[in-house]
>>> print(open('input-v7.txt').read())   # compact mmCIF, C-alpha atoms (C1' of nucleotides)
# COMPACT_ATOMS: atom_id res chain seq x y z
CA MET A 1 -11.83 15.44 -25.16
CA LYS A 2 -11.40 11.69 -24.76
CA ILE A 3 -9.71 10.08 -21.80
CA GLY A 4 -6.33 9.63 -23.53
CA GLU A 5 -6.04 13.34 -24.25
CA LEU A 6 -6.97 14.23 -20.68
CA ALA A 7 -4.32 11.79 -19.50
CA THR A 8 -1.52 13.30 -21.59
CA ARG A 9 -2.60 16.84 -20.69
CA THR A 10 -2.48 16.15 -16.95
CA GLY A 11 0.36 13.63 -16.85
CA CYS A 12 -1.97 11.09 -15.31
CA ARG A 13 -2.47 7.52 -16.52
CA VAL A 14 -5.72 6.61 -18.21
CA VAL A 15 -6.40 3.85 -15.70
CA THR A 16 -5.77 6.26 -12.84
CA ILE A 17 -8.40 8.67 -14.19
CA ARG A 18 -10.94 5.86 -14.30
CA TYR A 19 -9.87 4.91 -10.78
CA TYR A 20 -10.51 8.47 -9.52
CA GLU A 21 -13.94 8.34 -11.12
CA ARG A 22 -14.74 5.08 -9.32
CA GLU A 23 -13.52 6.69 -6.08
CA GLY A 24 -15.86 9.62 -6.59
CA LEU A 25 -13.14 12.26 -6.94
CA LEU A 26 -14.00 12.98 -10.54
CA PRO A 27 -17.63 13.26 -11.66
CA GLU A 28 -18.85 10.81 -14.28
CA PRO A 29 -18.38 12.50 -17.64
CA ALA A 30 -20.70 12.46 -20.63
CA ARG A 31 -20.38 9.54 -23.03
CA SER A 32 -20.10 9.41 -26.77
CA GLU A 33 -22.28 7.14 -28.88
CA ALA A 34 -19.55 4.50 -28.66
CA ASN A 35 -19.63 4.79 -24.85
CA TYR A 36 -16.34 6.72 -24.75
CA ARG A 37 -15.87 9.15 -21.85
CA LEU A 38 -16.00 12.80 -23.00
CA TYR A 39 -14.34 15.41 -20.79
CA GLY A 40 -14.38 19.20 -20.69
CA GLU A 41 -12.22 21.90 -19.10
CA VAL A 42 -13.98 21.45 -15.78
CA HIS A 43 -12.72 17.90 -15.57
CA ALA A 44 -9.19 18.87 -16.59
CA GLU A 45 -9.05 21.50 -13.84
CA ARG A 46 -10.41 19.17 -11.21
CA LEU A 47 -7.96 16.44 -12.16
CA ALA A 48 -5.09 18.94 -12.03
CA PHE A 49 -6.23 19.92 -8.52
CA ILE A 50 -6.18 16.26 -7.48
CA ARG A 51 -2.73 15.67 -8.95
CA HIS A 52 -1.31 18.75 -7.21
CA CYS A 53 -2.61 17.44 -3.91
CA ARG A 54 -1.20 13.97 -4.58
CA ALA A 55 2.14 15.56 -5.42
CA LEU A 56 2.01 16.99 -1.90
CA ASP A 57 1.46 13.43 -0.62
CA MET A 58 -2.10 13.95 0.54
CA THR A 59 -4.34 10.93 0.77
CA LEU A 60 -7.42 10.64 -1.42
CA ASP A 61 -9.53 11.19 1.71
CA GLU A 62 -7.76 14.48 2.39
CA ILE A 63 -8.25 15.47 -1.23
CA ARG A 64 -11.93 14.58 -1.00
CA ALA A 65 -12.20 16.99 1.96
CA LEU A 66 -10.42 19.79 0.07
CA LEU A 67 -12.63 19.24 -2.96
CA ALA A 68 -15.67 19.51 -0.68
CA CYS A 69 -14.43 22.97 0.43
CA HIS A 70 -13.75 23.84 -3.17
CA ASP A 71 -17.25 22.79 -4.22
CA ASP A 72 -18.87 24.92 -1.54
CA PRO A 73 -17.61 28.47 -2.23
CA GLU A 74 -20.24 29.85 0.16
CA GLY A 75 -18.55 28.18 3.13
CA THR A 76 -15.28 29.30 4.68
CA CYS A 77 -11.92 27.82 3.88
CA HIS A 78 -11.26 27.14 7.55
CA GLN A 79 -11.47 23.37 7.04
CA ALA A 80 -8.92 23.55 4.25
CA ASP A 81 -6.54 25.50 6.47
CA ILE A 82 -6.80 22.95 9.26
CA LEU A 83 -6.29 20.08 6.86
CA ILE A 84 -3.15 21.61 5.40
CA ASP A 85 -1.82 22.36 8.90
CA GLU A 86 -2.37 18.78 9.99
CA HIS A 87 -0.85 17.38 6.85
CA LEU A 88 2.18 19.61 7.32
CA MET A 89 2.59 18.27 10.85
CA HIS A 90 2.45 14.71 9.57
CA VAL A 91 5.11 15.43 6.98
CA LYS A 92 7.34 17.02 9.61
CA ALA A 93 6.86 14.07 11.96
CA ARG A 94 7.71 11.65 9.19
CA ILE A 95 10.89 13.57 8.34
CA ALA A 96 12.01 13.47 11.98
CA GLN A 97 11.35 9.76 12.13
CA LEU A 98 13.26 9.05 8.93
CA GLN A 99 16.18 11.08 10.25
CA GLU A 100 16.31 8.84 13.32
CA LEU A 101 16.27 5.86 10.99
CA GLU A 102 19.10 7.36 9.01
CA ASP A 103 21.23 7.78 12.15
CA ALA A 104 20.53 4.20 13.22
CA LEU A 105 21.49 2.92 9.77
CA VAL A 106 24.72 4.92 9.73
CA VAL A 107 25.70 3.45 13.10
CA LEU A 108 24.76 -0.01 11.86
CA ARG A 109 26.73 0.40 8.66
CA ALA A 110 29.85 1.50 10.55
CA ARG A 111 29.96 -1.84 12.33
CA CYS A 112 31.20 -3.65 9.27
CA GLN A 113 33.67 -2.70 6.57
CA GLY A 114 33.27 -5.58 4.24
CA GLN A 115 34.82 -8.84 3.23
CA ARG A 116 34.59 -10.89 6.39
CA PRO A 117 32.65 -14.11 6.94
CA ALA A 118 28.99 -13.42 7.66
CA ALA A 119 29.42 -15.09 11.05
CA GLU A 120 31.57 -12.17 12.17
CA CYS A 121 29.63 -9.38 10.50
CA GLY A 122 28.84 -6.57 12.89
CA ILE A 123 25.69 -5.65 10.97
CA LEU A 124 24.08 -9.07 11.17
CA ASP A 125 25.20 -9.31 14.77
CA ALA A 126 23.67 -5.98 15.74
CA LEU A 127 20.38 -6.83 14.09
CA SER A 128 20.21 -10.06 16.10
CA ARG A 129 20.62 -8.31 19.41
CA PRO A 130 17.75 -7.23 21.71
CA PRO A 131 16.76 -3.62 22.30
CA GLN A 132 17.49 -0.89 19.68
CA GLU A 133 15.50 2.30 19.77
CA VAL A 134 12.58 1.98 17.46
CA PRO A 135 11.05 5.24 16.27
CA SER A 136 7.31 4.94 16.50
CA SER A 137 5.20 6.22 13.65
CA GLU A 138 2.41 7.56 15.82
CA ASP A 139 2.71 11.19 14.83
CA ALA A 140 3.37 10.65 11.16
CA GLU A 141 0.12 8.69 10.91
CA HIS A 142 -0.86 8.65 7.29
CA VAL A 143 2.49 9.76 5.87
CA PRO A 144 4.28 6.82 4.20
CA GLY A 145 7.79 5.86 5.26
CA THR A 146 10.81 4.87 3.26
CA HIS A 147 9.21 2.83 0.47
CA PRO A 148 6.46 4.55 -1.50
CA ARG A 149 4.52 2.47 -3.96
CA VAL A 150 5.54 4.81 -6.83
CA MET B 1 6.16 -21.29 23.99
CA LYS B 2 2.85 -20.65 22.23
CA ILE B 3 2.27 -17.92 19.67
CA GLY B 4 0.71 -15.49 22.14
CA GLU B 5 3.76 -15.55 24.39
CA LEU B 6 6.10 -15.07 21.44
CA ALA B 7 3.94 -12.13 20.39
CA THR B 8 4.10 -10.36 23.76
CA ARG B 9 7.84 -11.05 24.08
CA THR B 10 8.63 -9.51 20.70
CA GLY B 11 5.96 -6.81 20.60
CA CYS B 12 4.57 -8.33 17.43
CA ARG B 13 0.92 -9.20 16.77
CA VAL B 14 -0.07 -12.85 16.66
CA VAL B 15 -1.52 -12.48 13.18
CA THR B 16 1.68 -10.83 12.01
CA ILE B 17 3.74 -13.81 13.19
CA ARG B 18 1.50 -16.15 11.21
CA TYR B 19 1.84 -13.79 8.23
CA TYR B 20 5.66 -13.94 8.44
CA GLU B 21 5.43 -17.73 8.48
CA ARG B 22 3.30 -17.73 5.34
CA GLU B 23 5.81 -15.37 3.74
CA GLY B 24 8.65 -17.76 4.51
CA LEU B 25 10.52 -15.42 6.88
CA LEU B 26 9.91 -17.63 9.90
CA PRO B 27 10.26 -21.42 9.65
CA GLU B 28 7.21 -23.53 10.42
CA PRO B 29 7.40 -24.40 14.13
CA ALA B 30 6.55 -27.70 15.82
CA ARG B 31 2.91 -28.29 16.72
CA SER B 32 1.28 -29.46 19.94
CA GLU B 33 -1.31 -32.26 19.97
CA ALA B 34 -4.00 -29.61 19.66
CA ASN B 35 -2.23 -28.22 16.58
CA TYR B 36 -0.93 -25.15 18.43
CA ARG B 37 2.35 -23.66 17.17
CA LEU B 38 5.23 -24.26 19.60
CA TYR B 39 8.22 -21.91 19.39
CA GLY B 40 11.74 -21.98 20.88
CA GLU B 41 14.48 -19.42 21.41
CA VAL B 42 15.62 -19.76 17.80
CA HIS B 43 12.27 -18.46 16.61
CA ALA B 44 12.26 -15.62 19.13
CA GLU B 45 15.68 -14.46 17.95
CA ARG B 46 14.76 -14.67 14.30
CA LEU B 47 11.56 -12.74 14.86
CA ALA B 48 13.49 -10.09 16.81
CA PHE B 49 15.88 -9.79 13.85
CA ILE B 50 12.94 -9.28 11.51
CA ARG B 51 11.32 -6.66 13.76
CA HIS B 52 14.57 -4.72 14.06
CA CYS B 53 14.85 -4.62 10.30
CA ARG B 54 11.22 -3.51 9.97
CA ALA B 55 11.88 -0.80 12.55
CA LEU B 56 14.57 0.41 10.12
CA ASP B 57 11.88 0.50 7.40
CA MET B 58 13.30 -2.34 5.33
CA THR B 59 10.97 -4.26 3.06
CA LEU B 60 10.30 -7.94 3.64
CA ASP B 61 12.34 -8.67 0.51
CA GLU B 62 15.33 -6.83 1.95
CA ILE B 63 14.92 -8.73 5.19
CA ARG B 64 14.72 -11.99 3.27
CA ALA B 65 18.09 -11.14 1.70
CA LEU B 66 19.66 -10.30 5.07
CA LEU B 67 18.32 -13.52 6.56
CA ALA B 68 19.88 -15.43 3.68
CA CYS B 69 23.29 -13.91 4.59
CA HIS B 70 22.60 -14.71 8.20
CA ASP B 71 21.75 -18.31 7.39
CA ASP B 72 24.95 -18.80 5.41
CA PRO B 73 27.76 -18.02 7.89
CA GLU B 74 30.31 -19.48 5.47
CA GLY B 75 29.64 -16.73 2.95
CA THR B 76 30.80 -13.13 3.30
CA CYS B 77 28.66 -10.34 4.60
CA HIS B 78 29.35 -8.26 1.51
CA GLN B 79 25.74 -8.59 0.32
CA ALA B 80 24.47 -7.36 3.66
CA ASP B 81 26.75 -4.31 3.47
CA ILE B 82 25.54 -3.42 0.02
CA LEU B 83 21.92 -3.83 1.03
CA ILE B 84 22.32 -1.54 4.03
CA ASP B 85 24.12 1.04 1.89
CA GLU B 86 21.35 1.03 -0.68
CA HIS B 87 18.65 1.21 1.95
CA LEU B 88 20.43 4.15 3.54
CA MET B 89 20.46 5.95 0.22
CA HIS B 90 16.74 5.39 -0.21
CA VAL B 91 16.06 6.78 3.24
CA LYS B 92 18.16 9.86 2.50
CA ALA B 93 16.41 10.39 -0.82
CA ARG B 94 13.01 10.15 0.86
CA ILE B 95 14.01 12.67 3.51
CA ALA B 96 15.12 15.14 0.85
CA GLN B 97 11.86 14.63 -1.01
CA LEU B 98 9.72 15.14 2.08
CA GLN B 99 11.63 18.31 2.87
CA GLU B 100 10.70 19.68 -0.54
CA LEU B 101 7.10 18.76 0.22
CA GLU B 102 7.34 20.55 3.53
CA ASP B 103 8.58 23.72 1.86
CA ALA B 104 5.79 23.59 -0.69
CA LEU B 105 3.19 23.10 2.04
CA VAL B 106 4.55 26.00 4.09
CA VAL B 107 4.30 28.28 1.06
CA LEU B 108 0.80 27.00 0.38
CA ARG B 109 -0.28 27.49 3.97
CA ALA B 110 0.99 31.08 4.00
CA ARG B 111 -1.46 31.97 1.25
CA CYS B 112 -4.42 31.89 3.60
CA GLN B 113 -4.91 33.02 7.15
CA GLY B 114 -8.36 31.75 7.81
CA GLN B 115 -11.95 32.90 7.95
CA ARG B 116 -12.61 33.98 4.42
CA PRO B 117 -15.08 32.50 1.98
CA ALA B 118 -13.64 29.43 0.25
CA ALA B 119 -14.02 31.22 -3.07
CA GLU B 120 -11.23 33.60 -2.04
CA CYS B 121 -9.01 31.08 -0.29
CA GLY B 122 -5.43 31.27 -1.48
CA ILE B 123 -4.86 27.61 -0.72
CA LEU B 124 -7.69 26.30 -2.84
CA ASP B 125 -6.77 28.78 -5.51
CA ALA B 126 -3.13 27.71 -5.60
CA LEU B 127 -4.05 24.05 -5.82
CA SER B 128 -6.26 24.80 -8.82
CA ARG B 129 -3.51 26.50 -10.75
CA PRO B 130 -1.26 24.82 -13.33
CA PRO B 131 2.38 23.99 -12.79
CA GLN B 132 3.87 23.64 -9.26
CA GLU B 133 7.16 21.86 -8.80
CA VAL B 134 6.48 18.23 -8.06
CA PRO B 135 9.32 16.29 -6.44
CA SER B 136 9.63 12.95 -8.21
CA SER B 137 9.99 9.82 -6.16
CA GLU B 138 12.53 8.15 -8.46
CA ASP B 139 15.41 7.89 -6.02
CA ALA B 140 13.43 6.96 -2.94
CA GLU B 141 12.08 3.94 -4.76
CA HIS B 142 10.85 1.58 -2.10
CA VAL B 143 10.74 4.11 0.74
CA PRO B 144 7.12 5.04 1.54
CA GLY B 145 5.96 8.63 1.49
CA THR B 146 4.06 10.70 4.01
CA HIS B 147 1.37 8.24 5.06
CA PRO B 148 2.53 4.86 6.37
CA ARG B 149 -0.07 2.21 6.88
CA VAL B 150 1.11 1.72 10.52
C1' DA C 1 -21.13 -27.31 33.21
C1' DC C 2 -19.97 -23.20 31.78
C1' DA C 3 -17.28 -18.95 30.93
C1' DC C 4 -13.35 -17.11 29.10
C1' DA C 5 -8.89 -16.66 27.13
C1' DC C 6 -6.43 -18.52 23.87
C1' DC C 7 -5.52 -21.18 19.54
C1' DC C 8 -6.70 -22.72 14.52
C1' DT C 9 -7.89 -21.88 9.26
C1' DA C 10 -9.70 -19.31 5.52
C1' DT C 11 -11.12 -15.24 3.43
C1' DA C 12 -11.63 -10.32 2.68
C1' DG C 13 -10.27 -5.64 3.36
C1' DT C 14 -6.85 -1.55 3.61
C1' DC C 15 -4.65 2.18 0.04
C1' DT C 16 -3.32 3.88 -4.45
C1' DA C 17 -2.85 2.56 -8.00
C1' DT C 18 -0.88 -0.97 -12.01
C1' DA C 19 -1.44 -5.07 -14.92
C1' DT C 20 -4.04 -8.30 -17.48
C1' DA C 21 -7.73 -10.46 -20.18
C1' DG C 22 -11.10 -10.10 -23.54
C1' DG C 23 -13.51 -7.35 -26.15
C1' DG C 24 -15.52 -2.90 -29.09
C1' DT C 25 -14.53 1.56 -32.21
C1' DC C 26 -12.50 4.24 -35.68
C1' DA C 27 -9.42 6.26 -39.24
C1' DA C 28 -5.91 5.16 -42.71
C1' DG C 29 -3.92 2.36 -46.12
C1' DC C 30 -4.12 -1.75 -49.29
C1' DG D 1 -14.01 -4.08 -48.51
C1' DC D 2 -10.66 -5.54 -45.32
C1' DT D 3 -6.97 -5.39 -42.35
C1' DT D 4 -3.87 -2.94 -39.23
C1' DG D 5 -3.08 -0.19 -35.37
C1' DA D 6 -4.25 3.09 -31.95
C1' DC D 7 -7.46 3.94 -28.96
C1' DC D 8 -11.57 2.90 -25.94
C1' DC D 9 -14.55 -0.23 -22.70
C1' DT D 10 -15.38 -3.47 -18.41
C1' DA D 11 -13.99 -6.66 -15.00
C1' DT D 12 -10.70 -8.85 -12.32
C1' DA D 13 -6.11 -9.67 -10.21
C1' DT D 14 -1.90 -7.97 -8.18
C1' DA D 15 1.35 -5.22 -5.25
C1' DG D 16 3.07 -4.57 0.34
C1' DA D 17 2.55 -5.38 4.88
C1' DC D 18 -0.34 -6.20 7.28
C1' DT D 19 -5.44 -6.07 9.87
C1' DA D 20 -10.09 -7.73 10.47
C1' DT D 21 -13.68 -11.03 10.38
C1' DA D 22 -16.13 -15.45 10.51
C1' DG D 23 -16.58 -19.79 12.36
C1' DG D 24 -14.70 -23.13 14.91
C1' DG D 25 -11.54 -25.98 18.52
C1' DT D 26 -8.73 -26.18 23.20
C1' DG D 27 -7.66 -25.61 27.97
C1' DT D 28 -8.11 -23.78 32.59
C1' DG D 29 -10.72 -22.09 36.50
C1' DT D 30 -15.04 -21.84 39.21
>>> encode(input="input-v7.txt", output="structure tokens")
Amino acid sequence: MKIGELATRTGCRVVTIRYYEREGLLPEPARSEANYRLYGEVHAERLAFIRHCRALDMTLDEIRALLACHDDPEGTCHQADILIDEHLMHVKARIAQLQELEDALVVLRARCQGQRPAAECGILDALSRPPQEVPSSEDAEHVPGTHPRV
Amino acid sequence: MKIGELATRTGCRVVTIRYYEREGLLPEPARSEANYRLYGEVHAERLAFIRHCRALDMTLDEIRALLACHDDPEGTCHQADILIDEHLMHVKARIAQLQELEDALVVLRARCQGQRPAAECGILDALSRPPQEVPSSEDAEHVPGTHPRV
DNA sequence: ACACACCCTATAGTCTATATAGGGTCAAGC
DNA sequence: GCTTGACCCTATATAGACTATAGGGTGTGT
């Protein structure tokens, strides 16, 4: 199968597949006479694995580690377990952090109900003032915040 | 005050201050004879404003818009209200999405309790399999996911 | 006179892709 | 036989919000 078919089958863009190949997540496939990439079921399964992990917000490095477990069926899956546990903790930490953000934004929003001159706006005023509790992102580490790059 | 002092006072890296200047969020300050940047209270307050907004996970574009309101005290703060409302919705959407992820990860994690050969690992097996519900990131838009770049 | 902390600019790298430019391949229809 | 269009190729640039590095100048203390 050519790259376009693999893309539609897995719901992954063509350019993204080539990107995964460059990143070493997908093995280099055979080539046709016209230098087209030719994929088999093995590739489709591996790409599906990668996309499932991405859907769970894992980084490509985490996925690389899981694929290494997957490629070594003699070894134990202990590494995979640990990785999932850690990732789960990061997701939880990120949720907690975003909930603090949400509370802070609700408080901020309540300071202004609309059509007054900006000079009197409670929101702009509050943002200008000193302290404010700032949730640190230490524990969430590699888990993105409010604005994913889609 | 020189850039290093501004940095320690605001808890912002020196390079980040210069970056904000390049991005047009901070005005270009006066320079000493040795070409050092010289800041006043105005700059410190504006930088604090920016950092508070960043702590609330706003993008630099959102902050630019809030600063524009701030810089036009004749206008109304209606724009600022709308922006905060929208940002709040994005944060809420991202939280909901991450909670779905968390559930999926908990289910995944429960499929394996450790020291078995990777070939039998329920986690690796589940990730290889077809469908899986994948929360879309449509509503969270500009709110990053699980792995922020700190 | 020298060390050291601080400042400057310019450039490249991070991460996970997406977008663009400029070209080659292949089947169908005229 | 020739064009059209869909598909494929590579290489490079762009996004966001910084961080890191190289290579140099400034200013203070000993």
>>> closest_atom_pairs(input="input-v7.txt", of="chain C", to="chain B", cutoff="12 Å", atoms="all atoms listed in the file", output="Markdown table")
| residue | atom | partner | partner_atom | distance |
| --- | --- | --- | --- | --- |
| C:DA5 | C1' | B:Gly4 | CA | 10.9 |
| C:DC6 | C1' | B:Gly4 | CA | 7.9 |
| C:DC7 | C1' | B:Tyr36 | CA | 6.2 |
| C:DC8 | C1' | B:Asn35 | CA | 7.4 |
| C:DT9 | C1' | B:Arg18 | CA | 11.2 |
| C:DT14 | C1' | B:Arg149 | CA | 8.4 |
| C:DC15 | C1' | B:Arg149 | CA | 8.2 |
| C:DT16 | C1' | B:His147 | CA | 11.5 |
>>> atom_distance(input="input-v7.txt", atom1="atom CA of A:Gly11", atom2="atom CA of A:Val42")
16.4 Å
>>> calpha_fit_and_write(input="input-v7.txt", fixed="chain A", moving="chain B", output="short mmCIF file (atom, residue, chain, number, x, y, z; two decimals) with C-alpha atoms, in the frame of the given file")
data_model
loop_
_atom_site.label_atom_id
_atom_site.label_comp_id
_atom_site.auth_asym_id
_atom_site.auth_seq_id
_atom_site.Cartn_x
_atom_site.Cartn_y
_atom_site.Cartn_z
CA MET B 1 -11.59 15.30 -25.21
CA LYS B 2 -11.18 11.55 -24.72
CA ILE B 3 -9.55 9.94 -21.71
CA GLY B 4 -6.18 9.45 -23.40
CA GLU B 5 -5.83 13.15 -24.16
CA LEU B 6 -6.82 14.10 -20.62
CA ALA B 7 -4.21 11.64 -19.38
CA THR B 8 -1.35 13.11 -21.44
CA ARG B 9 -2.40 16.67 -20.58
CA THR B 10 -2.36 16.01 -16.84
CA GLY B 11 0.46 13.48 -16.69
CA CYS B 12 -1.91 10.96 -15.16
CA ARG B 13 -2.43 7.37 -16.32
CA VAL B 14 -5.68 6.49 -18.05
CA VAL B 15 -6.42 3.76 -15.53
CA THR B 16 -5.80 6.19 -12.70
CA ILE B 17 -8.39 8.61 -14.10
CA ARG B 18 -10.95 5.81 -14.21
CA TYR B 19 -9.94 4.88 -10.65
CA TYR B 20 -10.55 8.46 -9.45
CA GLU B 21 -13.98 8.34 -11.08
CA ARG B 22 -14.84 5.13 -9.25
CA GLU B 23 -13.63 6.74 -6.03
CA GLY B 24 -15.94 9.70 -6.56
CA LEU B 25 -13.18 12.32 -6.91
CA LEU B 26 -14.00 13.01 -10.55
CA PRO B 27 -17.62 13.31 -11.71
CA GLU B 28 -18.84 10.86 -14.34
CA PRO B 29 -18.28 12.54 -17.72
CA ALA B 30 -20.56 12.50 -20.77
CA ARG B 31 -20.25 9.54 -23.12
CA SER B 32 -19.89 9.36 -26.89
CA GLU B 33 -22.08 7.05 -29.00
CA ALA B 34 -19.37 4.41 -28.70
CA ASN B 35 -19.50 4.77 -24.90
CA TYR B 36 -16.18 6.65 -24.74
CA ARG B 37 -15.75 9.12 -21.87
CA LEU B 38 -15.81 12.74 -23.06
CA TYR B 39 -14.16 15.35 -20.83
CA GLY B 40 -14.18 19.17 -20.79
CA GLU B 41 -12.03 21.85 -19.19
CA VAL B 42 -13.84 21.45 -15.87
CA HIS B 43 -12.61 17.88 -15.61
CA ALA B 44 -9.07 18.83 -16.60
CA GLU B 45 -8.93 21.46 -13.87
CA ARG B 46 -10.35 19.16 -11.24
CA LEU B 47 -7.91 16.42 -12.14
CA ALA B 48 -5.03 18.92 -11.99
CA PHE B 49 -6.20 19.91 -8.50
CA ILE B 50 -6.18 16.27 -7.44
CA ARG B 51 -2.71 15.64 -8.89
CA HIS B 52 -1.28 18.70 -7.15
CA CYS B 53 -2.63 17.45 -3.86
CA ARG B 54 -1.21 13.97 -4.50
CA ALA B 55 2.14 15.56 -5.34
CA LEU B 56 1.96 17.02 -1.81
CA ASP B 57 1.42 13.47 -0.51
CA MET B 58 -2.16 13.99 0.63
CA THR B 59 -4.43 10.99 0.90
CA LEU B 60 -7.49 10.68 -1.31
CA ASP B 61 -9.62 11.30 1.79
CA GLU B 62 -7.83 14.58 2.44
CA ILE B 63 -8.31 15.54 -1.19
CA ARG B 64 -11.98 14.65 -0.95
CA ALA B 65 -12.27 17.09 1.97
CA LEU B 66 -10.47 19.87 0.07
CA LEU B 67 -12.68 19.30 -2.96
CA ALA B 68 -15.72 19.61 -0.73
CA CYS B 69 -14.48 23.07 0.39
CA HIS B 70 -13.78 23.90 -3.21
CA ASP B 71 -17.26 22.86 -4.28
CA ASP B 72 -18.90 25.01 -1.61
CA PRO B 73 -17.67 28.56 -2.33
CA GLU B 74 -20.27 29.96 0.07
CA GLY B 75 -18.59 28.28 3.03
CA THR B 76 -15.32 29.42 4.60
CA CYS B 77 -11.97 27.92 3.82
CA HIS B 78 -11.31 27.28 7.49
CA GLN B 79 -11.54 23.50 7.00
CA ALA B 80 -8.99 23.65 4.22
CA ASP B 81 -6.59 25.60 6.45
CA ILE B 82 -6.88 23.10 9.24
CA LEU B 83 -6.36 20.19 6.87
CA ILE B 84 -3.20 21.72 5.42
CA ASP B 85 -1.89 22.46 8.91
CA GLU B 86 -2.45 18.89 10.02
CA HIS B 87 -0.93 17.47 6.88
CA LEU B 88 2.11 19.68 7.38
CA MET B 89 2.52 18.34 10.89
CA HIS B 90 2.38 14.78 9.63
CA VAL B 91 5.03 15.51 7.04
CA LYS B 92 7.28 17.08 9.67
CA ALA B 93 6.79 14.13 12.01
CA ARG B 94 7.68 11.70 9.23
CA ILE B 95 10.83 13.63 8.39
CA ALA B 96 11.95 13.53 12.02
CA GLN B 97 11.26 9.81 12.15
CA LEU B 98 13.18 9.08 8.96
CA GLN B 99 16.11 11.08 10.28
CA GLU B 100 16.23 8.84 13.33
CA LEU B 101 16.19 5.86 10.98
CA GLU B 102 19.02 7.38 9.01
CA ASP B 103 21.13 7.78 12.13
CA ALA B 104 20.47 4.21 13.17
CA LEU B 105 21.41 2.93 9.71
CA VAL B 106 24.63 4.94 9.66
CA VAL B 107 25.63 3.45 13.01
CA LEU B 108 24.71 0.00 11.76
CA ARG B 109 26.65 0.44 8.54
CA ALA B 110 29.77 1.55 10.42
CA ARG B 111 29.92 -1.82 12.16
CA CYS B 112 31.14 -3.58 9.05
CA GLN B 113 33.56 -2.63 6.34
CA GLY B 114 33.14 -5.50 3.99
CA GLN B 115 34.76 -8.76 2.98
CA ARG B 116 34.54 -10.80 6.12
CA PRO B 117 32.63 -14.01 6.65
CA ALA B 118 28.96 -13.33 7.42
CA ALA B 119 29.42 -15.04 10.77
CA GLU B 120 31.59 -12.12 11.90
CA CYS B 121 29.61 -9.33 10.26
CA GLY B 122 28.83 -6.53 12.68
CA ILE B 123 25.67 -5.64 10.80
CA LEU B 124 24.09 -9.05 10.99
CA ASP B 125 25.24 -9.33 14.56
CA ALA B 126 23.70 -6.01 15.57
CA LEU B 127 20.40 -6.87 13.96
CA SER B 128 20.29 -10.11 15.94
CA ARG B 129 20.74 -8.40 19.26
CA PRO B 130 17.91 -7.34 21.60
CA PRO B 131 16.83 -3.78 22.18
CA GLN B 132 17.61 -0.99 19.65
CA GLU B 133 15.67 2.24 19.79
CA VAL B 134 12.72 1.99 17.47
CA PRO B 135 11.13 5.27 16.40
CA SER B 136 7.36 4.91 16.67
CA SER B 137 5.20 6.12 13.85
CA GLU B 138 2.45 7.56 16.06
CA ASP B 139 2.71 11.18 14.99
CA ALA B 140 3.28 10.62 11.30
CA GLU B 141 0.03 8.71 11.12
CA HIS B 142 -0.97 8.70 7.49
CA VAL B 143 2.42 9.69 6.08
CA PRO B 144 4.09 6.67 4.42
CA GLY B 145 7.53 5.52 5.46
CA THR B 146 10.64 4.75 3.46
CA HIS B 147 9.16 2.76 0.59
CA PRO B 148 6.38 4.41 -1.41
CA ARG B 149 4.51 2.28 -3.87
CA VAL B 150 5.24 4.83 -6.67
#
>>> interface_residues(input="input-v7.txt", of="chain D", to="chain A", cutoff="9 Å", atoms="all atoms listed in the file", output="list in words")
DC7, DC8, DC9, DA15 and DG16 of chain D
>>> atom_distance(input="input-v7.txt", atom1="atom CA of A:Arg18", atom2="atom CA of B:Ser128")
20.3 Å
>>> residues_near_point(input="input-v7.txt", point="(29.2, 0.4, 8.5)", cutoff="9 Å", atoms="all atoms listed in the file", output="PyMOL selection string")
(chain A and resi 105-114+122-123) or (chain B and resi 81+84-85)
>>> closest_residue(input="input-v7.txt", among="A:Asp103, A:Glu21, A:Asp57, A:Glu41", to="chain B", atoms="only C-alpha atoms")
A:Asp57
>>> closest_residue(input="input-v7.txt", among="A:Ile63, A:Ile82, A:Leu56, A:Gly24", to="chain B", atoms="only C-alpha atoms")
A:Leu56
>>> closest_residue(input="input-v7.txt", among="C:DA10, C:DG22, C:DA17, C:DG29", to="D:DT10", atoms="all atoms listed in the file")
C:DG22
>>> residues_around(input="input-v7.txt", residues="D:DT19", least_positions_apart="4", cutoff="9 Å", atoms="all atoms listed in the file", output="ChimeraX atom specification")
/B:15-16 /C:13-14
>>> axis_aligned_box(input="input-v7.txt", around="stretch 1-12 of chain D", padding_each_side="4 Å", output="JSON")
{"center_x": -9.2, "center_y": -2.5, "center_z": -30.4, "size_x": 20.3, "size_y": 20.8, "size_z": 44.2}
>>> atom_distance(input="input-v7.txt", atom1="atom CA of B:Arg46", atom2="atom CA of A:Ala104")
19.8 Å
>>> closest_residue(input="input-v7.txt", among="A:Thr10, A:Ser32, A:Leu25, A:Tyr39", to="chain B", atoms="all atoms listed in the file")
A:Thr10
>>> residues_around(input="input-v7.txt", residues="D:DT12", least_positions_apart="3", cutoff="12 Å", atoms="all atoms listed in the file", output="list of chain:residue names")
C:DA19, C:DT20, C:DA21, C:DG22
>>> residues_around(input="input-v7.txt", residues="A:Gln99", least_positions_apart="6", cutoff="9 Å", atoms="all atoms listed in the file", output="MDAnalysis selection string")
chainID B and resid 91:92 95
>>> write_last_selection(input="input-v7.txt", atoms="C-alpha atoms", output="PDB file, in the coordinates of the input")
ATOM      1  CA  VAL B  91      16.060   6.780   3.240  1.00  0.00           C
ATOM      2  CA  LYS B  92      18.160   9.860   2.500  1.00  0.00           C
ATOM      3  CA  ILE B  95      14.010  12.670   3.510  1.00  0.00           C
TER       4      ILE B  95
END
>>> closest_residue(input="input-v7.txt", among="A:Leu83, A:Ala126, A:Ala55, A:Ala44", to="chain B", atoms="all atoms listed in the file")
A:Ala55
